[in-house]
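Participant: Pasting target07.txt here (compact mmCIF, C-alpha atoms and all ligand atoms):
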# COMPACT_ATOMS: atom_id res chain seq x y z
CA MET D 1 46.41 86.10 72.61
CA ALA D 2 44.52 84.37 75.44
CA LYS D 3 42.55 86.78 77.55
CA ASP D 4 41.41 86.04 81.04
CA ILE D 5 37.78 85.38 81.76
CA GLY D 6 35.60 85.25 84.86
CA ILE D 7 32.75 82.74 84.87
CA ASP D 8 29.71 82.72 87.12
CA LEU D 9 28.68 79.09 86.70
CA GLY D 10 25.29 79.51 88.30
CA THR D 11 22.35 77.19 88.85
CA ALA D 12 20.12 79.56 86.90
CA ASN D 13 22.48 81.49 84.60
CA VAL D 14 26.01 81.35 83.24
CA LEU D 15 27.71 84.72 82.84
CA ILE D 16 31.13 85.28 81.30
CA TYR D 17 33.22 88.39 81.86
CA VAL D 18 36.15 89.14 79.54
CA GLN D 19 38.92 91.52 80.54
CA GLY D 20 38.46 94.86 78.85
CA LYS D 21 35.08 93.90 77.36
CA GLY D 22 32.82 93.39 80.38
CA ILE D 23 30.06 90.76 80.40
CA VAL D 24 29.99 89.14 76.96
CA LEU D 25 27.72 86.17 77.61
CA ASN D 26 24.64 85.74 79.79
CA GLU D 27 22.53 82.66 79.19
CA PRO D 28 20.37 80.28 81.23
CA SER D 29 22.18 77.13 82.52
CA VAL D 30 19.98 74.76 80.54
CA VAL D 31 20.83 72.01 78.05
CA ALA D 32 18.33 70.17 75.80
CA ILE D 33 19.20 66.51 75.17
CA ASP D 34 17.78 63.93 72.77
CA THR D 35 17.02 61.05 75.15
CA GLN D 36 17.31 58.42 72.40
CA THR D 37 20.76 59.39 71.08
CA ASN D 38 21.99 61.31 74.19
CA LYS D 39 23.03 64.12 71.83
CA VAL D 40 22.93 67.76 72.93
CA LEU D 41 20.33 69.57 70.82
CA ALA D 42 20.48 73.07 72.26
CA VAL D 43 22.26 75.00 75.02
CA GLY D 44 21.46 78.20 76.91
CA SER D 45 18.65 80.52 75.78
CA GLU D 46 17.52 78.17 73.02
CA ALA D 47 17.28 75.23 75.45
CA TYR D 48 15.53 77.39 78.09
CA ARG D 49 12.67 78.07 75.69
CA MET D 50 12.12 74.30 75.52
CA VAL D 51 11.65 73.82 79.31
CA GLY D 52 8.17 72.38 79.94
CA ARG D 53 7.44 72.23 76.19
CA THR D 54 9.50 69.22 75.06
CA PRO D 55 8.19 66.06 73.33
CA SER D 56 9.06 62.80 75.10
CA ASN D 57 12.35 62.25 73.23
CA ILE D 58 13.78 65.65 74.27
CA ARG D 59 14.72 66.54 77.84
CA ALA D 60 15.65 70.08 78.86
CA ILE D 61 17.87 69.75 81.92
CA ARG D 62 19.71 72.01 84.33
CA PRO D 63 23.10 70.34 84.86
CA LEU D 64 23.64 72.34 88.06
CA LYS D 65 21.33 71.93 90.99
CA ASN D 66 21.50 73.85 94.26
CA GLY D 67 24.60 75.64 93.02
CA VAL D 68 26.64 72.47 92.44
CA ILE D 69 27.25 70.21 89.47
CA SER D 70 24.70 67.40 89.43
CA ASP D 71 25.52 66.22 85.92
CA PHE D 72 29.22 66.53 85.21
CA ASP D 73 29.22 65.54 81.51
CA VAL D 74 26.40 67.89 80.60
CA THR D 75 27.98 70.75 82.58
CA GLN D 76 31.17 70.23 80.65
CA GLU D 77 29.33 70.23 77.33
CA MET D 78 27.56 73.42 78.34
CA LEU D 79 30.78 75.16 79.38
CA SER D 80 32.59 74.04 76.19
CA TYR D 81 29.71 75.39 74.13
CA PHE D 82 29.81 78.79 75.85
CA ILE D 83 33.61 79.08 75.76
CA GLY D 84 33.51 77.94 72.11
CA LYS D 85 30.98 80.66 71.37
CA LEU D 86 33.47 83.26 72.61
CA SER D 87 36.26 81.81 70.45
CA VAL D 88 33.98 82.04 67.42
CA LYS D 89 33.45 85.71 68.25
CA GLY D 90 37.25 86.01 68.12
CA PHE D 91 37.75 86.75 71.80
CA MET D 92 40.26 84.11 72.78
CA SER D 93 41.76 80.65 72.75
CA LYS D 94 42.71 78.80 75.96
CA PRO D 95 41.85 81.64 78.33
CA ASN D 96 42.80 81.60 82.01
CA ILE D 97 39.57 81.14 83.92
CA MET D 98 38.36 82.26 87.33
CA ILE D 99 35.27 80.26 88.14
CA CYS D 100 33.05 80.65 91.20
CA ALA D 101 31.37 78.18 93.54
CA PRO D 102 29.29 78.30 96.74
CA THR D 103 31.17 78.03 100.07
CA ASN D 104 29.82 74.61 101.05
CA ILE D 105 30.96 72.49 98.11
CA THR D 106 32.90 69.31 98.82
CA GLU D 107 36.47 68.69 97.64
CA ILE D 108 35.08 66.31 94.99
CA GLU D 109 32.68 68.97 93.70
CA ARG D 110 35.53 71.51 93.71
CA LYS D 111 37.70 69.22 91.57
CA ALA D 112 34.75 68.48 89.26
CA ILE D 113 34.20 72.18 88.55
CA ILE D 114 37.90 72.82 87.86
CA GLN D 115 38.10 69.74 85.65
CA ALA D 116 34.99 70.77 83.71
CA ALA D 117 36.51 74.21 83.01
CA GLU D 118 39.90 72.74 82.01
CA GLN D 119 38.34 70.21 79.68
CA SER D 120 36.12 72.89 78.19
CA GLY D 121 39.12 74.69 76.72
CA GLY D 122 40.43 76.66 79.67
CA GLY D 123 44.11 77.46 80.24
CA LYS D 124 44.88 77.92 83.93
CA VAL D 125 41.74 77.46 85.98
CA TYR D 126 41.20 79.05 89.40
CA LEU D 127 38.24 78.54 91.69
CA GLU D 128 37.08 81.12 94.20
CA TYR D 129 34.16 81.23 96.60
CA GLU D 130 31.07 83.03 95.34
CA PRO D 131 30.34 85.45 98.20
CA LYS D 132 33.92 86.76 98.17
CA VAL D 133 33.80 87.36 94.44
CA ALA D 134 30.26 88.76 94.63
CA ALA D 135 31.41 91.25 97.29
CA ILE D 136 34.25 92.44 95.03
CA GLY D 137 31.88 92.66 92.05
CA ALA D 138 29.46 94.67 94.20
CA GLY D 139 32.23 97.21 94.82
CA LEU D 140 33.04 96.34 98.46
CA ASP D 141 36.65 96.78 99.53
CA ILE D 142 37.04 93.48 101.34
CA PHE D 143 40.83 93.77 101.64
CA LYS D 144 40.81 96.30 104.51
CA PRO D 145 40.89 95.15 108.18
CA ARG D 146 37.19 95.77 108.71
CA GLY D 147 34.07 93.66 108.37
CA SER D 148 31.90 93.63 105.23
CA MET D 149 28.83 91.47 104.91
CA VAL D 150 27.27 90.12 101.76
CA ILE D 151 24.33 87.81 101.10
CA ASP D 152 24.45 86.38 97.58
CA MET D 153 21.08 84.91 96.67
CA GLY D 154 20.95 83.13 93.33
CA GLY D 155 18.85 80.33 91.90
CA GLY D 156 20.03 77.36 93.94
CA THR D 157 21.90 78.77 96.92
CA SER D 158 22.00 81.71 99.30
CA ASP D 159 25.57 82.40 100.44
CA ILE D 160 25.86 84.48 103.58
CA ALA D 161 29.36 85.75 104.34
CA ILE D 162 31.31 88.17 106.48
CA LEU D 163 34.66 89.19 105.03
CA SER D 164 37.71 91.02 106.29
CA LEU D 165 41.34 91.35 105.07
CA GLY D 166 40.41 89.67 101.78
CA ASP D 167 39.00 86.51 103.27
CA ILE D 168 35.81 84.95 104.52
CA VAL D 169 35.64 85.17 108.33
CA ALA D 170 32.25 83.52 108.80
CA SER D 171 29.84 82.08 106.27
CA GLN D 172 26.99 79.77 105.59
CA SER D 173 25.63 78.48 102.32
CA ILE D 174 22.07 77.24 102.30
CA ARG D 175 20.31 75.52 99.46
CA LEU D 176 17.34 77.85 99.56
CA ALA D 177 17.04 80.62 96.96
CA GLY D 178 15.14 81.53 93.76
CA ASP D 179 14.40 77.97 92.61
CA LYS D 180 12.87 77.06 95.97
CA MET D 181 10.77 80.23 95.79
CA ASN D 182 9.44 79.15 92.37
CA SER D 183 8.44 75.77 93.80
CA ASP D 184 6.87 77.49 96.85
CA ILE D 185 4.71 79.56 94.50
CA ALA D 186 3.70 76.52 92.42
CA ALA D 187 2.82 74.54 95.57
CA TYR D 188 0.79 77.43 97.02
CA ILE D 189 -1.21 77.93 93.80
CA LYS D 190 -1.92 74.23 93.57
CA ASP D 191 -3.10 74.06 97.21
CA LYS D 192 -5.07 77.28 97.31
CA HIS D 193 -6.42 77.57 93.75
CA GLY D 194 -6.32 73.94 92.55
CA LEU D 195 -4.18 74.99 89.59
CA VAL D 196 -1.06 73.22 88.36
CA ILE D 197 1.48 75.64 86.88
CA GLY D 198 4.88 75.14 85.23
CA GLU D 199 8.32 76.36 86.32
CA HIS D 200 8.32 79.33 83.90
CA THR D 201 4.91 80.50 85.06
CA ALA D 202 5.96 80.35 88.72
CA GLU D 203 9.10 82.34 87.92
CA ASN D 204 7.10 84.96 85.98
CA ILE D 205 4.73 85.38 88.92
CA LYS D 206 7.70 85.88 91.27
CA MET D 207 9.27 88.49 89.00
CA GLU D 208 6.03 90.38 88.32
CA ILE D 209 4.26 90.38 91.67
CA GLY D 210 6.64 88.58 94.07
CA THR D 211 7.15 90.38 97.37
CA ALA D 212 8.90 89.73 100.67
CA LEU D 213 6.47 91.91 102.64
CA GLN D 214 2.69 92.30 102.77
CA VAL D 215 1.57 95.47 100.94
CA ASP D 216 -1.50 97.71 101.43
CA ASP D 217 -2.67 97.80 97.84
CA PRO D 218 -1.65 94.43 96.36
CA LYS D 219 -1.17 94.12 92.60
CA GLU D 220 -2.93 91.24 90.84
CA MET D 221 -1.92 88.92 88.02
CA ASP D 222 -3.83 86.46 85.83
CA VAL D 223 -2.27 83.01 85.84
CA ARG D 224 -2.95 80.09 83.51
CA GLY D 225 -2.39 76.40 84.10
CA ARG D 226 -4.16 73.07 84.39
CA ASP D 227 -7.10 72.54 86.75
CA VAL D 228 -6.20 69.83 89.30
CA ALA D 229 -9.71 68.34 89.34
CA SER D 230 -10.76 68.44 85.68
CA GLY D 231 -7.33 68.39 84.00
CA MET D 232 -8.56 71.21 81.72
CA PRO D 233 -6.79 74.56 81.07
CA LYS D 234 -7.92 77.22 83.55
CA GLN D 235 -7.16 80.86 84.44
CA ILE D 236 -7.17 82.35 87.94
CA THR D 237 -6.12 85.67 89.51
CA VAL D 238 -3.51 85.88 92.28
CA ASN D 239 -2.38 88.91 94.26
CA GLN D 240 0.93 90.07 95.72
CA ASN D 241 0.06 89.27 99.33
CA GLU D 242 -0.69 85.66 98.42
CA ILE D 243 2.82 85.41 96.97
CA GLU D 244 4.27 86.82 100.21
CA GLU D 245 2.39 84.04 102.04
CA ALA D 246 3.84 81.47 99.63
CA LEU D 247 7.42 82.73 100.15
CA HIS D 248 7.16 83.48 103.87
CA ASP D 249 8.71 80.27 105.28
CA THR D 250 11.64 80.16 102.86
CA LEU D 251 12.46 83.83 103.48
CA ASP D 252 12.20 83.27 107.21
CA GLN D 253 14.74 80.43 106.98
CA ILE D 254 17.19 82.63 105.02
CA VAL D 255 16.87 85.44 107.60
CA THR D 256 17.37 82.93 110.45
CA ALA D 257 20.52 81.56 108.77
CA THR D 258 21.83 85.14 108.50
CA ILE D 259 21.20 85.72 112.22
CA ASN D 260 23.07 82.48 112.99
CA VAL D 261 26.13 83.70 111.03
CA LEU D 262 26.04 87.11 112.76
CA GLU D 263 25.97 85.37 116.14
CA THR D 264 29.33 83.68 115.47
CA ILE D 265 31.47 86.77 114.77
CA PRO D 266 33.68 88.76 117.17
CA PRO D 267 32.19 92.02 118.55
CA GLU D 268 34.55 94.29 116.52
CA LEU D 269 33.29 92.80 113.27
CA ALA D 270 29.68 93.02 114.49
CA SER D 271 30.21 96.72 115.13
CA ASP D 272 31.57 97.16 111.55
CA ILE D 273 28.43 95.49 110.17
CA ILE D 274 26.19 97.84 112.19
CA ASP D 275 28.14 100.78 110.69
CA ARG D 276 28.50 99.58 107.13
CA GLY D 277 25.38 97.43 106.73
CA ILE D 278 24.75 94.40 104.54
CA VAL D 279 24.86 94.21 100.74
CA LEU D 280 22.46 91.85 98.93
CA THR D 281 23.61 90.45 95.58
CA GLY D 282 22.43 87.77 93.09
CA GLY D 283 19.20 87.71 91.10
CA THR D 284 16.97 86.86 94.05
CA SER D 285 18.00 90.10 95.80
CA LEU D 286 15.75 91.82 93.22
CA LEU D 287 12.67 90.40 94.96
CA ASN D 288 10.50 93.33 95.95
CA GLY D 289 10.87 94.36 99.62
CA LEU D 290 13.68 91.89 100.43
CA ASP D 291 16.07 94.61 101.63
CA GLN D 292 13.34 96.00 103.92
CA LEU D 293 12.58 92.54 105.30
CA PHE D 294 16.26 91.98 106.19
CA SER D 295 16.75 95.43 107.69
CA SER D 296 13.61 95.20 109.82
CA ARG D 297 14.57 91.76 111.17
CA LEU D 298 18.33 92.40 111.62
CA LYS D 299 18.16 96.09 112.64
CA VAL D 300 21.07 97.06 110.37
CA PRO D 301 21.11 98.97 107.06
CA VAL D 302 20.61 96.67 104.04
CA VAL D 303 21.05 97.63 100.37
CA VAL D 304 20.77 95.76 97.08
CA SER D 305 23.97 96.07 95.00
CA GLN D 306 23.99 97.68 91.59
CA ASP D 307 23.39 95.10 88.81
CA PRO D 308 23.11 92.22 91.31
CA LEU D 309 22.90 89.56 88.57
CA ASP D 310 26.32 90.58 87.20
CA ASN D 311 28.32 90.89 90.43
CA VAL D 312 29.89 87.40 90.52
CA ALA D 313 31.10 87.38 86.89
CA LYS D 314 32.40 90.93 87.17
CA GLY D 315 34.07 90.23 90.53
CA ALA D 316 35.71 87.09 89.08
CA GLY D 317 37.22 89.15 86.25
CA GLU D 318 38.45 91.75 88.73
CA MET D 319 40.04 89.07 90.93
CA LEU D 320 41.98 87.67 87.98
CA GLU D 321 43.25 91.16 87.12
CA ARG D 322 44.29 91.62 90.74
CA MET D 323 46.15 88.30 90.75
CA GLN D 324 47.99 89.23 87.55
CA LYS D 325 49.07 92.57 89.00
CA THR D 326 50.42 90.81 92.10
CA ASP D 327 52.22 88.24 89.89
CA SER D 328 53.84 90.93 87.71
CA LYS D 329 55.02 92.84 90.81
CA LYS D 330 56.72 89.62 92.03
CA LYS D 331 58.60 89.20 88.70
N1 LIG Z 401 13.26 90.65 89.59
C1 LIG Z 401 13.44 89.50 90.23
N2 LIG Z 401 12.73 89.21 91.35
C2 LIG Z 401 12.93 88.04 92.00
N3 LIG Z 401 13.81 87.09 91.61
C3 LIG Z 401 14.55 87.34 90.49
C4 LIG Z 401 14.42 88.55 89.76
N4 LIG Z 401 15.28 88.49 88.70
C5 LIG Z 401 15.93 87.30 88.79
N5 LIG Z 401 15.48 86.61 89.86
C6 LIG Z 401 15.89 85.26 90.29
O1 LIG Z 401 17.29 85.22 90.45
C7 LIG Z 401 17.73 83.86 90.29
C8 LIG Z 401 18.96 83.83 89.43
O2 LIG Z 401 19.96 84.61 90.04
P1 LIG Z 401 21.49 84.41 89.67
O3 LIG Z 401 21.69 84.47 88.20
O4 LIG Z 401 22.25 85.37 90.53
O5 LIG Z 401 21.70 82.91 90.18
P2 LIG Z 401 22.82 81.87 89.84
O6 LIG Z 401 24.17 82.52 90.03
O7 LIG Z 401 22.57 81.25 88.53
O8 LIG Z 401 22.53 80.79 90.99
P3 LIG Z 401 23.47 80.21 92.13
O9 LIG Z 401 24.28 81.36 92.68
O10 LIG Z 401 22.52 79.65 93.14
O11 LIG Z 401 24.27 79.16 91.47
C9 LIG Z 401 16.58 83.08 89.67
O12 LIG Z 401 15.98 82.25 90.66
C10 LIG Z 401 15.62 84.20 89.25
O13 LIG Z 401 14.27 83.76 89.30
Take the structure I supplied and represent it as structure tokens, if you would.
Ligand SMILES: Nc1ncnc2c1ncn2[C@@H]1O[C@H](COP(=O)(O)OP(=O)(O)OP(=O)(O)O)[C@@H](O)[C@H]1O

Facilitator:
Amino acid sequence: MAKDIGIDLGTANVLIYVQGKGIVLNEPSVVAIDTQTNKVLAVGSEAYRMVGRTPSNIRAIRPLKNGVISDFDVTQEMLSYFIGKLSVKGFMSKPNIMICAPTNITEIERKAIIQAAEQSGGGKVYLEYEPKVAAIGAGLDIFKPRGSMVIDMGGGTSDIAILSLGDIVASQSIRLAGDKMNSDIAAYIKDKHGLVIGEHTAENIKMEIGTALQVDDPKEMDVRGRDVASGMPKQITVNQNEIEEALHDTLDQIVTATINVLETIPPELASDIIDRGIVLTGGTSLLNGLDQLFSSRLKVPVVVSQDPLDNVAKGAGEMLERMQKTDSKKK
């Protein structure tokens, strides 16, 4: 029997939630392609290990950029591979799919995502906006007549949304999130230390010593790369406060976008947000000190959800279950 699945088709990771099983797949959104034959060589974790280490005839690409599909054919191949992997495990054939997208996608992008899921072996395909689904996955009851606020920060996009009565009342999606932070770190290290580092190294630095606030006793980390001047391998040491400096402008822009959204809402909803606070979800919400940065700038309570990387996939599964219950009540 076909089971329903929720898919978080993210810029950085694809997560699949199966009813009754929980999250059954969690892999990077990367595909390795042979540039001579155009054949897909590896998908997901296996392809991710190739990023920055490929010979000239292999290209490891991310088919989604900034939260939207930049390469439709490769996205479809990636989705088919992941859905196929579940069928092999005996989970399902032709499942109904709830797939999630940022709030600012165009109608063409919306159709492209639905089409990719249908052609990848889906039954009925539904598309829902990420912050709504993330809020449900984070355990917020968005269906009551009161305001809830969520900021979903992933790899490509930060989605800021205020929800009430099951819908988005105000939102903004900006293409600034974890990926931009990785490039900020790489640019900073090149400028300040004359060292060229790869995408993986920048991401490791962010995860190990990344911080949204200056700290009194900064941790240090050794970083290896290529010396800009000599072209030779070189090792340097960076500390936490340097990474805060690298991330400062991007974080400031995300906070400013949040303030702009708050400024558009009616006073009753604003009062609900003061009472109930803001929930941060998505992988980037795990950045050290980010909740404190938001609460000090916005003067409202801010918490990071539980398992922020899983919220969208889990919320998508829960939404499908909710829709089925409503459908069976109608019958
Ligand atoms: N501990 C951590 N500290 C800082 N950033 C982290 C941490 N863990 C994961 N991230 C970042 O979270 C991002 C991935 O988050 P997530 O899986 O929620 O995004 P996504 O859903 O794939 O992206 P999008 O929603 O933009 O399509 C990556 O940029 C990753 O570097």

Participant: Atom CA of Pro145 of chain D to atom CA of Leu269 of chain D: how many Å, to one decimal?

Facilitator: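 Value for the atom CA of Pro145 of chain D-atom CA of Leu269 of chain D distance: 9.4 Å.
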
Participant: If we count all atoms listed in the file and set the cut-off at 9 Å, which residues sit around Thr11 of chain D, ignoring sequence neighbours fewer than 4 positions away in its own chain? Please answer as a compact mmCIF listing (two decimals) with C-alpha atoms, keeping the file's coordinate frame.

Facilitator:
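Contents of around_2.txt, as written:
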# COMPACT_ATOMS: atom_id res chain seq x y z
CA PRO D 28 20.37 80.28 81.23
CA SER D 29 22.18 77.13 82.52
CA VAL D 30 19.98 74.76 80.54
CA ARG D 62 19.71 72.01 84.33
CA PRO D 63 23.10 70.34 84.86
CA LEU D 64 23.64 72.34 88.06
CA LYS D 65 21.33 71.93 90.99
CA ASN D 66 21.50 73.85 94.26
CA GLY D 67 24.60 75.64 93.02
CA VAL D 68 26.64 72.47 92.44
CA ILE D 69 27.25 70.21 89.47
CA GLY D 154 20.95 83.13 93.33
CA GLY D 155 18.85 80.33 91.90
CA GLY D 156 20.03 77.36 93.94
CA THR D 157 21.90 78.77 96.92
CA ASP D 179 14.40 77.97 92.61

Participant: Using all atoms listed in the file, which residue out of D:Pro267, D:Gly147, D:Gly178, D:Gly123 lies closest to ligand LIG 401 (chain Z)?

Facilitator: D:Gly178

Participant: In the coordinate frame of the file, compute which residues have an atom within 8 Å of (27.5, 84.4, 76.1) when using all atoms listed in the file, and state them as a ChimeraX atom specification.

Facilitator: /D:14-16,24-27,82,85-86

Participant: What does the file look like for those residues with C-alpha atoms, as a PDB file, in the coordinates of the input?

Facilitator:
ATOM      1  CA  VAL D  14      26.010  81.350  83.240  1.00  0.00           C
ATOM      2  CA  LEU D  15      27.710  84.720  82.840  1.00  0.00           C
ATOM      3  CA  ILE D  16      31.130  85.280  81.300  1.00  0.00           C
ATOM      4  CA  VAL D  24      29.990  89.140  76.960  1.00  0.00           C
ATOM      5  CA  LEU D  25      27.720  86.170  77.610  1.00  0.00           C
ATOM      6  CA  ASN D  26      24.640  85.740  79.790  1.00  0.00           C
ATOM      7  CA  GLU D  27      22.530  82.660  79.190  1.00  0.00           C
ATOM      8  CA  PHE D  82      29.810  78.790  75.850  1.00  0.00           C
ATOM      9  CA  LYS D  85      30.980  80.660  71.370  1.00  0.00           C
ATOM     10  CA  LEU D  86      33.470  83.260  72.610  1.00  0.00           C
TER      11      LEU D  86
END

Participant: Go through D:Ile160, D:Ile236, D:Ile5, D:Ile23 and flag the residue nearest Gly121 of chain D, using all atoms listed in the file for the distances.

Facilitator: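 Comparing D:Ile160, D:Ile236, D:Ile5, D:Ile23 against Gly121 of chain D, the winner is D:Ile5.
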
Participant: Of the residues D:Leu251, D:Ile174, D:Leu320, D:Ile136, which is the one nearest to Pro95 of chain D, using only C-alpha atoms?

Facilitator: D:Leu320

Participant: Looking at D:Ser328, D:Ser93, D:Asn288, D:Gln36, which one is nearest to ligand LIG 401 (chain Z), with distances taken over all atoms listed in the file?

Facilitator: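 The closest residue to ligand LIG 401 (chain Z) is D:Asn288.
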
Participant: Using Å and a single decimal, report how far atom O4 of ligand LIG 401 (chain Z) sits from atom CA of Asp34 of chain D.

Facilitator: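 These two atoms are separated by 28.2 Å.
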
Participant: Which one of D:Ser271, D:Ser148, D:Ser158, D:Gln292 sits closest to ligand LIG 401 (chain Z) if you count all atoms listed in the file?

Facilitator: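 Once distances to ligand LIG 401 (chain Z) are computed over all atoms listed in the file, the minimum belongs to D:Ser158.
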
Participant: Which is closer to ligand LIG 401 (chain Z) than all the others in D:Lys192, D:Lys206, D:Arg146, D:His200, using all atoms listed in the file?

Facilitator: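 Of the candidates, the smallest distance to ligand LIG 401 (chain Z) is held by D:Lys206.
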
Participant: To one decimal place in Å, what is the distance between atom C5 of ligand LIG 401 (chain Z) and atom CA of Thr284 of chain D?

Facilitator: 5.4 Å

Participant: List the neighbours of segment 168-170 of chain D out to 8 Å using only C-alpha atoms; skip same-chain residues closer than 2 positions along the sequence, and give me the result as a list in words.

Facilitator: Lys132, Ala161, Ile162, Leu163, Ser164, Gly166, Gln172, Val261, Thr264 and Ile265 of chain D

Participant: Applying 8 Å and all atoms listed in the file, which residues near Ala42 of chain D remain after dropping the ones on its own chain fewer than 6 positions away? List them as an MDAnalysis selection string.

Facilitator: chainID D and resid 31:33

Participant: Emit the selected residues as a tab-separated table (two decimals), in the coordinates of the input, including C-alpha atoms.

Facilitator:
chain	number	residue	atom	x	y	z
D	31	VAL	CA	20.83	72.01	78.05
D	32	ALA	CA	18.33	70.17	75.80
D	33	ILE	CA	19.20	66.51	75.17
